[in-house]
Each structure stands twice: as structure tokens, then as C-alpha cells.
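Pasting upload-v5.pdb here (PDB, C-alpha atoms):
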ATOM      1  CA  MET V   1      61.476 175.411 168.118
ATOM      2  CA  LEU V   2      59.018 173.492 170.280
ATOM      3  CA  GLU V   3      56.250 174.608 167.927
ATOM      4  CA  GLN V   4      57.922 172.644 165.116
ATOM      5  CA  PHE V   5      57.846 169.534 167.286
ATOM      6  CA  THR V   6      54.184 170.170 168.022
ATOM      7  CA  SER V   7      53.403 169.461 164.370
ATOM      8  CA  ILE V   8      55.380 166.183 164.655
ATOM      9  CA  GLY V   9      53.391 165.361 167.785
ATOM     10  CA  ILE V  10      50.074 166.013 166.012
ATOM     11  CA  PHE V  11      51.266 163.835 163.127
ATOM     12  CA  ILE V  12      52.098 160.972 165.526
ATOM     13  CA  PHE V  13      48.789 161.259 167.360
ATOM     14  CA  VAL V  14      46.705 161.385 164.180
ATOM     15  CA  GLY V  15      48.645 158.418 162.783
ATOM     16  CA  LEU V  16      48.198 156.375 165.958
ATOM     17  CA  GLY V  17      44.558 157.440 166.255
ATOM     18  CA  PHE V  18      43.832 156.372 162.676
ATOM     19  CA  ALA V  19      45.307 152.906 163.226
ATOM     20  CA  VAL V  20      43.648 152.387 166.624
ATOM     21  CA  SER V  21      40.238 153.699 165.550
ATOM     22  CA  SER V  22      40.066 151.585 162.386
ATOM     23  CA  LEU V  23      41.014 148.445 164.360
ATOM     24  CA  LEU V  24      38.458 149.359 167.038
ATOM     25  CA  VAL V  25      35.654 149.914 164.525
ATOM     26  CA  ALA V  26      36.520 146.611 162.813
ATOM     27  CA  TRP V  27      36.447 144.873 166.207
ATOM     28  CA  ILE V  28      33.003 146.292 166.967
ATOM     29  CA  VAL V  29      31.271 145.626 163.648
ATOM     30  CA  ARG V  30      32.809 142.301 162.580
ATOM     31  CA  PRO V  31      31.013 138.985 163.237
ATOM     32  CA  LYS V  32      32.788 136.740 165.741
ATOM     33  CA  ARG V  33      32.493 133.093 164.627
ATOM     34  CA  PRO V  34      35.908 131.495 165.171
ATOM     35  CA  ASN V  35      36.692 127.979 163.997
ATOM     36  CA  PRO V  36      40.012 126.076 164.226
ATOM     37  CA  LEU V  37      40.872 126.594 160.564
ATOM     38  CA  LYS V  38      40.199 130.338 160.820
ATOM     39  CA  MET V  39      42.295 130.647 163.963
ATOM     40  CA  SER V  40      45.329 128.896 162.495
ATOM     41  CA  THR V  41      48.418 131.025 161.909
ATOM     42  CA  TYR V  42      48.647 130.099 158.243
ATOM     43  CA  GLU V  43      45.379 130.162 156.409
ATOM     44  CA  CYS V  44      47.220 129.257 153.267
ATOM     45  CA  GLY V  45      50.799 128.261 152.523
ATOM     46  CA  LEU V  46      52.952 125.588 154.068
ATOM     47  CA  GLU V  47      52.770 124.582 157.693
ATOM     48  CA  THR V  48      56.084 124.969 159.494
ATOM     49  CA  ARG V  49      57.922 121.831 160.548
ATOM     50  CA  GLY V  50      59.837 121.643 163.803
ATOM     51  CA  ARG V  51      60.723 124.658 165.870
ATOM     52  CA  THR V  52      60.410 128.100 164.361
ATOM     53  CA  TRP V  53      62.876 129.755 166.777
ATOM     54  CA  ILE V  54      66.111 128.490 165.310
ATOM     55  CA  GLN V  55      69.637 129.807 165.284
ATOM     56  CA  PHE V  56      70.231 132.160 162.382
ATOM     57  CA  LYS V  57      73.348 132.666 160.290
ATOM     58  CA  VAL V  58      76.019 135.053 161.530
ATOM     59  CA  SER V  59      75.853 136.875 158.168
ATOM     60  CA  TYR V  60      72.696 138.661 159.330
ATOM     61  CA  PHE V  61      74.601 140.134 162.262
ATOM     62  CA  LEU V  62      77.484 141.267 160.042
ATOM     63  CA  TYR V  63      75.081 143.014 157.695
ATOM     64  CA  ALA V  64      73.419 144.721 160.662
ATOM     65  CA  LEU V  65      76.781 145.824 162.026
ATOM     66  CA  VAL V  66      77.952 147.246 158.698
ATOM     67  CA  PHE V  67      74.597 149.035 158.486
ATOM     68  CA  LEU V  68      75.052 150.453 161.993
ATOM     69  CA  VAL V  69      78.562 151.732 161.245
ATOM     70  CA  PHE V  70      77.367 153.604 158.166
ATOM     71  CA  ASP V  71      74.281 154.763 160.076
ATOM     72  CA  VAL V  72      76.623 156.446 162.563
ATOM     73  CA  GLU V  73      78.604 157.878 159.654
ATOM     74  CA  VAL V  74      75.430 159.497 158.299
ATOM     75  CA  VAL V  75      74.841 161.109 161.686
ATOM     76  CA  PHE V  76      78.252 162.760 161.401
ATOM     77  CA  LEU V  77      77.555 163.719 157.785
ATOM     78  CA  ILE V  78      74.267 165.518 158.520
ATOM     79  CA  PRO V  79      75.678 168.575 160.400
ATOM     80  CA  TRP V  80      78.478 168.844 157.842
ATOM     81  CA  ALA V  81      76.016 168.762 154.934
ATOM     82  CA  VAL V  82      73.604 171.219 156.569
ATOM     83  CA  GLU V  83      76.343 173.766 157.235
ATOM     84  CA  PHE V  84      78.400 172.989 154.139
ATOM     85  CA  LEU V  85      78.332 176.464 152.578
ATOM     86  CA  LYS V  86      79.195 178.245 155.825
ATOM     87  CA  LEU V  87      82.066 175.959 156.820
ATOM     88  CA  PRO V  88      85.688 176.677 155.807
ATOM     89  CA  TRP V  89      87.166 174.604 152.964
ATOM     90  CA  ILE V  90      89.286 172.601 155.430
ATOM     91  CA  ALA V  91      86.063 170.993 156.713
ATOM     92  CA  PHE V  92      85.657 169.393 153.290
ATOM     93  CA  ILE V  93      89.064 167.700 153.631
ATOM     94  CA  GLU V  94      88.337 166.706 157.224
ATOM     95  CA  MET V  95      85.137 164.980 156.166
ATOM     96  CA  PHE V  96      86.916 163.180 153.344
ATOM     97  CA  ILE V  97      89.511 161.846 155.805
ATOM     98  CA  PHE V  98      86.597 160.632 157.955
ATOM     99  CA  ILE V  99      84.876 158.910 155.037
ATOM    100  CA  GLY V 100      88.230 157.564 153.822
ATOM    101  CA  ILE V 101      88.864 155.795 157.129
ATOM    102  CA  LEU V 102      85.441 154.157 156.939
ATOM    103  CA  VAL V 103      85.917 153.170 153.285
ATOM    104  CA  VAL V 104      88.995 151.218 154.457
ATOM    105  CA  GLY V 105      86.618 149.322 156.752
ATOM    106  CA  LEU V 106      84.203 148.651 153.915
ATOM    107  CA  TRP V 107      87.082 147.452 151.704
ATOM    108  CA  TYR V 108      88.210 145.081 154.475
ATOM    109  CA  VAL V 109      84.710 143.658 154.966
ATOM    110  CA  TRP V 110      84.387 143.223 151.211
ATOM    111  CA  LYS V 111      87.805 141.583 150.931
ATOM    112  CA  GLU V 112      87.022 139.129 153.718
ATOM    113  CA  GLY V 113      83.875 138.101 151.887
ATOM    114  CA  ALA V 114      81.617 139.041 154.786
ATOM    115  CA  LEU V 115      79.103 140.602 152.407
ATOM    116  CA  GLU V 116      78.790 137.448 150.297
ATOM    117  CA  TRP V 117      75.777 135.283 150.906
ATOM    118  CA  LYS V 118      76.747 131.630 150.947
TER
ATOM    119  CA  MET S 119      59.527 175.877 177.226
ATOM    120  CA  SER S 120      56.258 177.354 176.227
ATOM    121  CA  GLY S 121      53.046 177.374 178.188
ATOM    122  CA  MET S 122      51.335 174.577 180.063
ATOM    123  CA  ALA S 123      51.940 171.812 177.544
ATOM    124  CA  SER S 124      55.533 170.970 178.531
ATOM    125  CA  PRO S 125      54.850 169.451 182.003
ATOM    126  CA  VAL S 126      52.036 167.335 180.557
ATOM    127  CA  ILE S 127      54.246 166.097 177.703
ATOM    128  CA  PHE S 128      57.058 165.458 180.187
ATOM    129  CA  TRP S 129      54.927 163.278 182.460
ATOM    130  CA  VAL S 130      53.391 161.333 179.577
ATOM    131  CA  LEU S 131      56.890 160.695 178.199
ATOM    132  CA  ALA S 132      58.215 159.805 181.654
ATOM    133  CA  VAL S 133      55.462 157.243 182.282
ATOM    134  CA  VAL S 134      55.914 155.679 178.828
ATOM    135  CA  THR S 135      59.719 155.568 179.099
ATOM    136  CA  VAL S 136      59.900 154.205 182.646
ATOM    137  CA  GLY S 137      57.067 151.753 181.954
ATOM    138  CA  ALA S 138      58.829 150.475 178.834
ATOM    139  CA  GLY S 139      62.092 150.246 180.792
ATOM    140  CA  LEU S 140      60.375 148.103 183.426
ATOM    141  CA  ALA S 141      58.823 145.953 180.721
ATOM    142  CA  VAL S 142      62.303 145.309 179.257
ATOM    143  CA  ALA S 143      63.326 143.721 182.552
ATOM    144  CA  LEU S 144      60.044 142.007 183.391
ATOM    145  CA  THR S 145      58.804 140.437 180.137
ATOM    146  CA  ARG S 146      59.696 136.770 179.799
ATOM    147  CA  ASN S 147      60.135 136.831 176.019
ATOM    148  CA  ILE S 148      63.439 138.437 175.054
ATOM    149  CA  VAL S 149      62.102 139.587 171.671
ATOM    150  CA  HIS S 150      59.385 141.544 173.478
ATOM    151  CA  SER S 151      62.117 142.988 175.718
ATOM    152  CA  ALA S 152      63.946 144.201 172.616
ATOM    153  CA  LEU S 153      60.769 145.849 171.290
ATOM    154  CA  PHE S 154      60.145 147.575 174.634
ATOM    155  CA  LEU S 155      63.748 148.766 174.536
ATOM    156  CA  VAL S 156      62.962 150.482 171.217
ATOM    157  CA  LEU S 157      60.040 152.227 172.943
ATOM    158  CA  THR S 158      62.411 153.344 175.729
ATOM    159  CA  PHE S 159      64.797 154.765 173.109
ATOM    160  CA  ILE S 160      61.957 156.663 171.414
ATOM    161  CA  GLY S 161      60.815 158.034 174.794
ATOM    162  CA  THR S 162      64.355 159.276 175.433
ATOM    163  CA  ALA S 163      64.289 160.948 172.007
ATOM    164  CA  GLY S 164      61.100 162.685 173.151
ATOM    165  CA  PHE S 165      62.957 164.055 176.186
ATOM    166  CA  PHE S 166      65.689 165.414 173.926
ATOM    167  CA  MET S 167      63.002 167.138 171.838
ATOM    168  CA  LEU S 168      61.515 168.625 174.997
ATOM    169  CA  LEU S 169      64.959 170.002 175.863
ATOM    170  CA  GLU S 170      65.142 171.507 172.349
ATOM    171  CA  ALA S 171      68.107 169.292 171.451
ATOM    172  CA  ASP S 172      66.757 168.451 168.009
ATOM    173  CA  PHE S 173      69.932 166.868 166.637
ATOM    174  CA  LEU S 174      70.298 164.526 169.625
ATOM    175  CA  ALA S 175      66.660 163.503 169.260
ATOM    176  CA  ALA S 176      67.230 162.626 165.597
ATOM    177  CA  VAL S 177      70.413 160.723 166.500
ATOM    178  CA  GLN S 178      68.577 158.846 169.232
ATOM    179  CA  ILE S 179      65.949 157.643 166.783
ATOM    180  CA  LEU S 180      68.339 157.029 163.868
ATOM    181  CA  ILE S 181      71.063 155.183 165.799
ATOM    182  CA  TYR S 182      69.362 153.649 168.818
ATOM    183  CA  ALA S 183      65.806 152.968 167.706
ATOM    184  CA  GLY S 184      66.905 152.246 164.120
ATOM    185  CA  GLY S 185      70.330 150.633 164.326
ATOM    186  CA  VAL S 186      71.124 149.281 167.781
ATOM    187  CA  SER S 187      67.731 147.594 168.081
ATOM    188  CA  VAL S 188      68.244 145.782 164.752
ATOM    189  CA  LEU S 189      71.623 144.617 166.012
ATOM    190  CA  LEU S 190      70.001 143.455 169.243
ATOM    191  CA  VAL S 191      67.261 141.491 167.478
ATOM    192  CA  PHE S 192      69.823 139.847 165.201
ATOM    193  CA  GLY S 193      71.844 139.051 168.330
ATOM    194  CA  VAL S 194      68.800 137.296 169.774
ATOM    195  CA  MET S 195      68.325 135.403 166.508
ATOM    196  CA  LEU S 196      71.922 134.174 166.643
ATOM    197  CA  THR S 197      71.611 132.635 170.082
ATOM    198  CA  ARG S 198      70.302 129.136 170.469
ATOM    199  CA  HIS S 199      67.365 128.949 172.811
ATOM    200  CA  GLY S 200      64.763 126.441 173.853
ATOM    201  CA  ASN S 201      61.411 127.957 174.666
ATOM    202  CA  ILE S 202      61.250 131.570 173.469
ATOM    203  CA  LYS S 203      58.511 132.354 175.983
ATOM    204  CA  LEU S 204      60.986 131.791 178.831
ATOM    205  CA  SER S 205      64.040 133.342 177.205
ATOM    206  CA  ASN S 206      64.358 136.309 179.588
ATOM    207  CA  PRO S 207      64.002 134.774 183.047
ATOM    208  CA  LEU S 208      64.235 136.618 186.350
ATOM    209  CA  ASN S 209      67.295 135.741 188.375
ATOM    210  CA  ARG S 210      67.787 135.358 192.112
ATOM    211  CA  TYR S 211      70.130 138.285 192.743
ATOM    212  CA  LYS S 212      67.497 140.233 194.641
ATOM    213  CA  ILE S 213      69.724 141.594 197.419
ATOM    214  CA  THR S 214      72.768 142.295 195.225
ATOM    215  CA  GLY S 215      70.584 143.879 192.555
ATOM    216  CA  GLY S 216      68.804 145.993 195.187
ATOM    217  CA  ILE S 217      72.115 147.250 196.617
ATOM    218  CA  VAL S 218      73.503 148.111 193.173
ATOM    219  CA  ALA S 219      70.279 149.892 192.194
ATOM    220  CA  ALA S 220      70.178 151.831 195.487
ATOM    221  CA  LEU S 221      73.816 152.919 195.079
ATOM    222  CA  LEU S 222      73.181 154.025 191.520
ATOM    223  CA  LEU S 223      70.087 155.964 192.604
ATOM    224  CA  LEU S 224      72.074 157.603 195.415
ATOM    225  CA  LEU S 225      74.893 158.530 193.054
ATOM    226  CA  THR S 226      72.752 159.981 190.249
ATOM    227  CA  GLY S 227      70.321 161.608 192.701
ATOM    228  CA  GLY S 228      73.220 163.205 194.584
ATOM    229  CA  LEU S 229      74.757 164.463 191.368
ATOM    230  CA  ILE S 230      71.446 165.973 190.269
ATOM    231  CA  LEU S 231      70.798 167.618 193.654
ATOM    232  CA  TYR S 232      74.307 169.030 194.121
ATOM    233  CA  SER S 233      74.807 170.247 190.577
ATOM    234  CA  GLU S 234      74.571 173.930 189.905
ATOM    235  CA  TRP S 235      72.330 174.102 186.881
ATOM    236  CA  GLU S 236      73.920 177.070 185.215
ATOM    237  CA  VAL S 237      72.218 178.272 182.078
ATOM    238  CA  SER S 238      74.694 179.570 179.562
ATOM    239  CA  PRO S 239      73.865 182.893 177.880
ATOM    240  CA  GLU S 240      74.003 181.045 174.551
ATOM    241  CA  ALA S 241      70.887 179.099 175.480
ATOM    242  CA  LEU S 242      68.833 182.255 175.887
ATOM    243  CA  ARG S 243      69.484 183.285 172.335
ATOM    244  CA  GLU S 244      66.773 182.105 170.029
ATOM    245  CA  GLN S 245      68.356 179.401 167.925
ATOM    246  CA  GLU S 246      67.058 177.902 164.733
ATOM    247  CA  SER S 247      68.621 174.514 165.346
ATOM    248  CA  THR S 248      71.506 173.002 167.266
ATOM    249  CA  VAL S 249      72.903 171.411 164.100
ATOM    250  CA  SER S 250      74.942 174.416 162.937
ATOM    251  CA  ALA S 251      76.650 174.873 166.319
ATOM    252  CA  ILE S 252      77.458 171.146 166.403
ATOM    253  CA  ALA S 253      78.855 171.243 162.862
ATOM    254  CA  VAL S 254      81.120 174.208 163.556
ATOM    255  CA  SER S 255      82.610 172.841 166.785
ATOM    256  CA  MET S 256      82.842 169.294 165.421
ATOM    257  CA  LEU S 257      84.887 170.314 162.388
ATOM    258  CA  SER S 258      87.065 172.976 163.998
ATOM    259  CA  GLU S 259      87.714 172.620 167.729
ATOM    260  CA  TYR S 260      86.949 168.913 168.141
ATOM    261  CA  VAL S 261      88.314 167.632 164.841
ATOM    262  CA  ILE S 262      90.684 165.099 166.450
ATOM    263  CA  PRO S 263      87.909 163.349 168.447
ATOM    264  CA  PHE S 264      85.836 163.455 165.263
ATOM    265  CA  GLU S 265      88.485 161.587 163.268
ATOM    266  CA  ALA S 266      89.060 159.285 166.250
ATOM    267  CA  ALA S 267      85.372 158.358 166.041
ATOM    268  CA  ALA S 268      86.000 157.167 162.477
ATOM    269  CA  LEU S 269      88.888 155.002 163.723
ATOM    270  CA  LEU S 270      86.664 153.617 166.481
ATOM    271  CA  LEU S 271      84.014 152.667 163.918
ATOM    272  CA  LEU S 272      86.709 151.051 161.761
ATOM    273  CA  VAL S 273      87.948 149.000 164.715
ATOM    274  CA  ALA S 274      84.371 147.887 165.492
ATOM    275  CA  LEU S 275      83.851 146.804 161.893
ATOM    276  CA  ILE S 276      87.124 144.857 161.649
ATOM    277  CA  GLY S 277      86.626 143.320 165.085
ATOM    278  CA  ALA S 278      83.160 142.072 164.168
ATOM    279  CA  VAL S 279      84.407 140.515 160.926
ATOM    280  CA  LEU S 280      87.290 138.840 162.769
ATOM    281  CA  LEU S 281      84.944 137.459 165.434
ATOM    282  CA  ALA S 282      82.443 136.189 162.896
ATOM    283  CA  LYS S 283      84.810 134.806 160.265
ATOM    284  CA  GLY S 284      87.786 133.833 162.416
ATOM    285  CA  VAL S 285      91.434 134.665 161.741
ATOM    286  CA  LYS S 286      92.777 133.327 158.481
ATOM    287  CA  HIS S 287      96.097 131.579 159.023
ATOM    288  CA  SER S 288      98.564 132.274 156.253
ATOM    289  CA  LYS S 289     100.370 129.244 154.870
TER
END

Take the structure in this file and express it as C-alpha cells.
Amino acid sequence: MLEQFTSIGIFIFVGLGFAVSSLLVAWIVRPKRPNPLKMSTYECGLETRGRTWIQFKVSYFLYALVFLVFDVEVVFLIPWAVEFLKLPWIAFIEMFIFIGILVVGLWYVWKEGALEWK
Amino acid sequence: MSGMASPVIFWVLAVVTVGAGLAVALTRNIVHSALFLVLTFIGTAGFFMLLEADFLAAVQILIYAGGVSVLLVFGVMLTRHGNIKLSNPLNRYKITGGIVAALLLLLTGGLILYSEWEVSPEALREQESTVSAIAVSMLSEYVIPFEAAALLLLVALIGAVLLAKGVKHSK
């Protein structure tokens, strides 16, 4: 099985190497003549006013949490889906109970209006 | 474990993971800490791959590097802070922290040294993937904990909504 991960490892290294080498080549060949306008964060567009690190709305966090809950659900779904044909039929019902419990959660979040953007 | 590659991969992973873990504690900017934490999670996933626990490695990346880190960054965004460059300061609990760390090291080190690392005969069998074994035991022997996990997720969801929105008082 480690051989299968070796291909993932090669993929990661080639990907990283491509990004690093193209940045390195650009750094070597490009002319370096900085001026204040060129060094500014926004070359075009509006300048920010006031602080940029402000407190965000709690809705972002709720979205992230709902995402995380269903992310965990997917993790439980994967083994079930992979072995679906070999599992007994009762596993189908078990998984539907599992999803059913989480759908109650989704219904509650929906009902409370936590998914609405105001 | 095949050939000479495993120890090399292990040490590279170990250096990256421990280095990223140190950076989480030592960087002053809490957003950078969160990003280094993602690197620590990915390093841990690498260890799971090295141990041929492919499902755990996928879970580690999907849940921790993908989900928990997003939650953490949003958590940082929610807090009100002055200068972001000084948002993760070092505190003065040097002696207390040292004692706690030493005790933890002693405990985990002792457990590792005095454990009998028995290898089950199942592990010797050449397995395609750990997913099928997990699926079978999850949906037959451990079905109650599996459904309890759904309840736990439900409670987390409802609790978060209640904390964020507040309890509605009925008239």
C-alpha cells in the first residue's frame, strides 16, 4: 500500500517543485526597480479606510460549523459507500438513521434562520 | 514498511510536524499560528500514511486540515483584537508550563516504553485498504457508538446555533 502513497508523494513534490522553481526563476530574471506606487498593496482599486482586522459576523462561524458537521458525516459515509454491496441490508437502515438524526439538525438550523444572510 | 525510504520519510515528517508545532506556539500573529497548525495536521496525516492507516490519513486531512482549521480561522475573525501582529503573545507561566510539559512527557514516554507492542496477526495479512474493515465493524459491532456520534454532532449543531442566536423566549 505504501507504493500507492509514493505516487501521491511524487505528485506533491512535483507540484511544490513547479511552484518554487517558477517563482525562483522569476526572482532571478526580473528587473528590480521598486517605487512606492509599485510596492503598494493595491495597485488599483480602493484604498482601505481604518483598520482591516475587524470583528466579523457570527454567521461566518455558523456556516463553518454546519460545514464541519456535514464534513464529519461524509467521513462516516465513505466506508459505508465503499463497502455498500458487501454489507448486509441492515447497514442501509443504520446509515439512514444516522443521516436522519443529522437532517433534524439541519432542519433546526434552517428553522432558526441561522443560514439566512442578513 | 518497505526498504530504506521509510526512516527518511519519517524524519522529514517529524521535523516538519514538530517545527510547525513549535511555530504555532512561537509566532506572534495568531493567523500564522492557525496556518502552522494546518501544517501540523498535514504532517500527522503523513504519519498515518506511513503506518498504512489510509482512512485515518484521509480523515485527518478532510476534518482537521479542511474543517477544524476553517472553524479556527473564523474563530479568530470573530474576536476583537488590536494589533494583529501581537495577537498571540507569550505568557509568563514558564515554571508552571515547564512542569506540566515535563509531566506530560514523562507520562507519554512511560506509556510508550512500558507498552507491549503486540502486532496482531491481522496486520500481517496483505490488506487492500483499511476502509472495508472499518465499515464492517462500524455498522455491525459498533453501531450504537456510530449512532451516538450522530447525536453528538446534532448536539454540537444545536448548541452552536443557541450560542450564536440566543434563546428565543416564548410569549

Starting from the shown file, work through the PyMOL selection byres ((chain V and resi 114) around 12) and note down what comes out as a PDB file with C-alpha atoms, in the coordinates of the input.
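Wrote it out as result.pdb, contents follow:
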ATOM      1  CA  LYS V  57      73.348 132.666 160.290  1.00  0.00           C
ATOM      2  CA  VAL V  58      76.019 135.053 161.530  1.00  0.00           C
ATOM      3  CA  SER V  59      75.853 136.875 158.168  1.00  0.00           C
ATOM      4  CA  TYR V  60      72.696 138.661 159.330  1.00  0.00           C
ATOM      5  CA  PHE V  61      74.601 140.134 162.262  1.00  0.00           C
ATOM      6  CA  LEU V  62      77.484 141.267 160.042  1.00  0.00           C
ATOM      7  CA  TYR V  63      75.081 143.014 157.695  1.00  0.00           C
ATOM      8  CA  ALA V  64      73.419 144.721 160.662  1.00  0.00           C
ATOM      9  CA  LEU V  65      76.781 145.824 162.026  1.00  0.00           C
ATOM     10  CA  VAL V  66      77.952 147.246 158.698  1.00  0.00           C
ATOM     11  CA  GLY V 105      86.618 149.322 156.752  1.00  0.00           C
ATOM     12  CA  LEU V 106      84.203 148.651 153.915  1.00  0.00           C
ATOM     13  CA  TRP V 107      87.082 147.452 151.704  1.00  0.00           C
ATOM     14  CA  TYR V 108      88.210 145.081 154.475  1.00  0.00           C
ATOM     15  CA  VAL V 109      84.710 143.658 154.966  1.00  0.00           C
ATOM     16  CA  TRP V 110      84.387 143.223 151.211  1.00  0.00           C
ATOM     17  CA  LYS V 111      87.805 141.583 150.931  1.00  0.00           C
ATOM     18  CA  GLU V 112      87.022 139.129 153.718  1.00  0.00           C
ATOM     19  CA  GLY V 113      83.875 138.101 151.887  1.00  0.00           C
ATOM     20  CA  LEU V 115      79.103 140.602 152.407  1.00  0.00           C
ATOM     21  CA  GLU V 116      78.790 137.448 150.297  1.00  0.00           C
ATOM     22  CA  TRP V 117      75.777 135.283 150.906  1.00  0.00           C
ATOM     23  CA  LYS V 118      76.747 131.630 150.947  1.00  0.00           C
TER      24      LYS V 118
ATOM     25  CA  LEU S 275      83.851 146.804 161.893  1.00  0.00           C
ATOM     26  CA  ILE S 276      87.124 144.857 161.649  1.00  0.00           C
ATOM     27  CA  ALA S 278      83.160 142.072 164.168  1.00  0.00           C
ATOM     28  CA  VAL S 279      84.407 140.515 160.926  1.00  0.00           C
ATOM     29  CA  LEU S 280      87.290 138.840 162.769  1.00  0.00           C
ATOM     30  CA  LEU S 281      84.944 137.459 165.434  1.00  0.00           C
ATOM     31  CA  ALA S 282      82.443 136.189 162.896  1.00  0.00           C
ATOM     32  CA  LYS S 283      84.810 134.806 160.265  1.00  0.00           C
ATOM     33  CA  GLY S 284      87.786 133.833 162.416  1.00  0.00           C
TER      34      GLY S 284
END

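Between CA of Thr158 (chain S) and CA of Pro263 (chain S) the separation is 28.3 Å.
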
Which residue, V:Val72, V:Ile93, V:Leu23, V:Leu85, has the smallest gap to chain S when you use only C-alpha atoms?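 Residue with the minimum atom-to-atom distance to chain S: V:Val72.
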
To test your reading of the syntax: which residues would the ChimeraX specification (/V :<6) & /S return for the file shown? Reply as a ChimeraX atom specification. /S:185,189,192,195-198,249-250,253,257,265,268,272

Keeping C-alpha atoms, export the residues of the selection given above as a compact mmCIF listing (two decimals), in the frame of the given file.
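Here's the written file out14.txt:
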# COMPACT_ATOMS: atom_id res chain seq x y z
CA GLY S 185 70.33 150.63 164.33
CA LEU S 189 71.62 144.62 166.01
CA PHE S 192 69.82 139.85 165.20
CA MET S 195 68.32 135.40 166.51
CA LEU S 196 71.92 134.17 166.64
CA THR S 197 71.61 132.64 170.08
CA ARG S 198 70.30 129.14 170.47
CA VAL S 249 72.90 171.41 164.10
CA SER S 250 74.94 174.42 162.94
CA ALA S 253 78.86 171.24 162.86
CA LEU S 257 84.89 170.31 162.39
CA GLU S 265 88.48 161.59 163.27
CA ALA S 268 86.00 157.17 162.48
CA LEU S 272 86.71 151.05 161.76

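One finds CA of Ala152 (chain S) at 12.1 Å from CA of Gly184 (chain S).
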
For CA of Val130 (chain S) and CA of Leu190 (chain S), quote the distance in Å rounded to one decimal. 26.5 Å

May I have the residues within 9 Å of region 139-146 of chain S as a PyMOL selection string, using all atoms listed in the file and disregarding those fewer than 3 positions away in the same chain? chain S and resi 134-136+149-155+157-158+202-208

Which protein, DNA or RNA residues are at most 12 Å from (60.5, 159.0, 171.5) in the file's coordinates when you count only C-alpha atoms, listed as number ranges by chain? V: 5, 8-9, 12; S: 127-128, 130-132, 134-135, 138, 154-168, 172, 174-180, 182-184

Kindly provide, as AutoDock Vina command-line options, the centre and edge lengths (Å, one decimal) of an axis-aligned box around all atoms of region 95-104 of chain V given in the file, with 5 Å on each side.
--center_x 87.2 --center_y 158.1 --center_z 155.6 --size_x 14.6 --size_y 23.8 --size_z 14.7
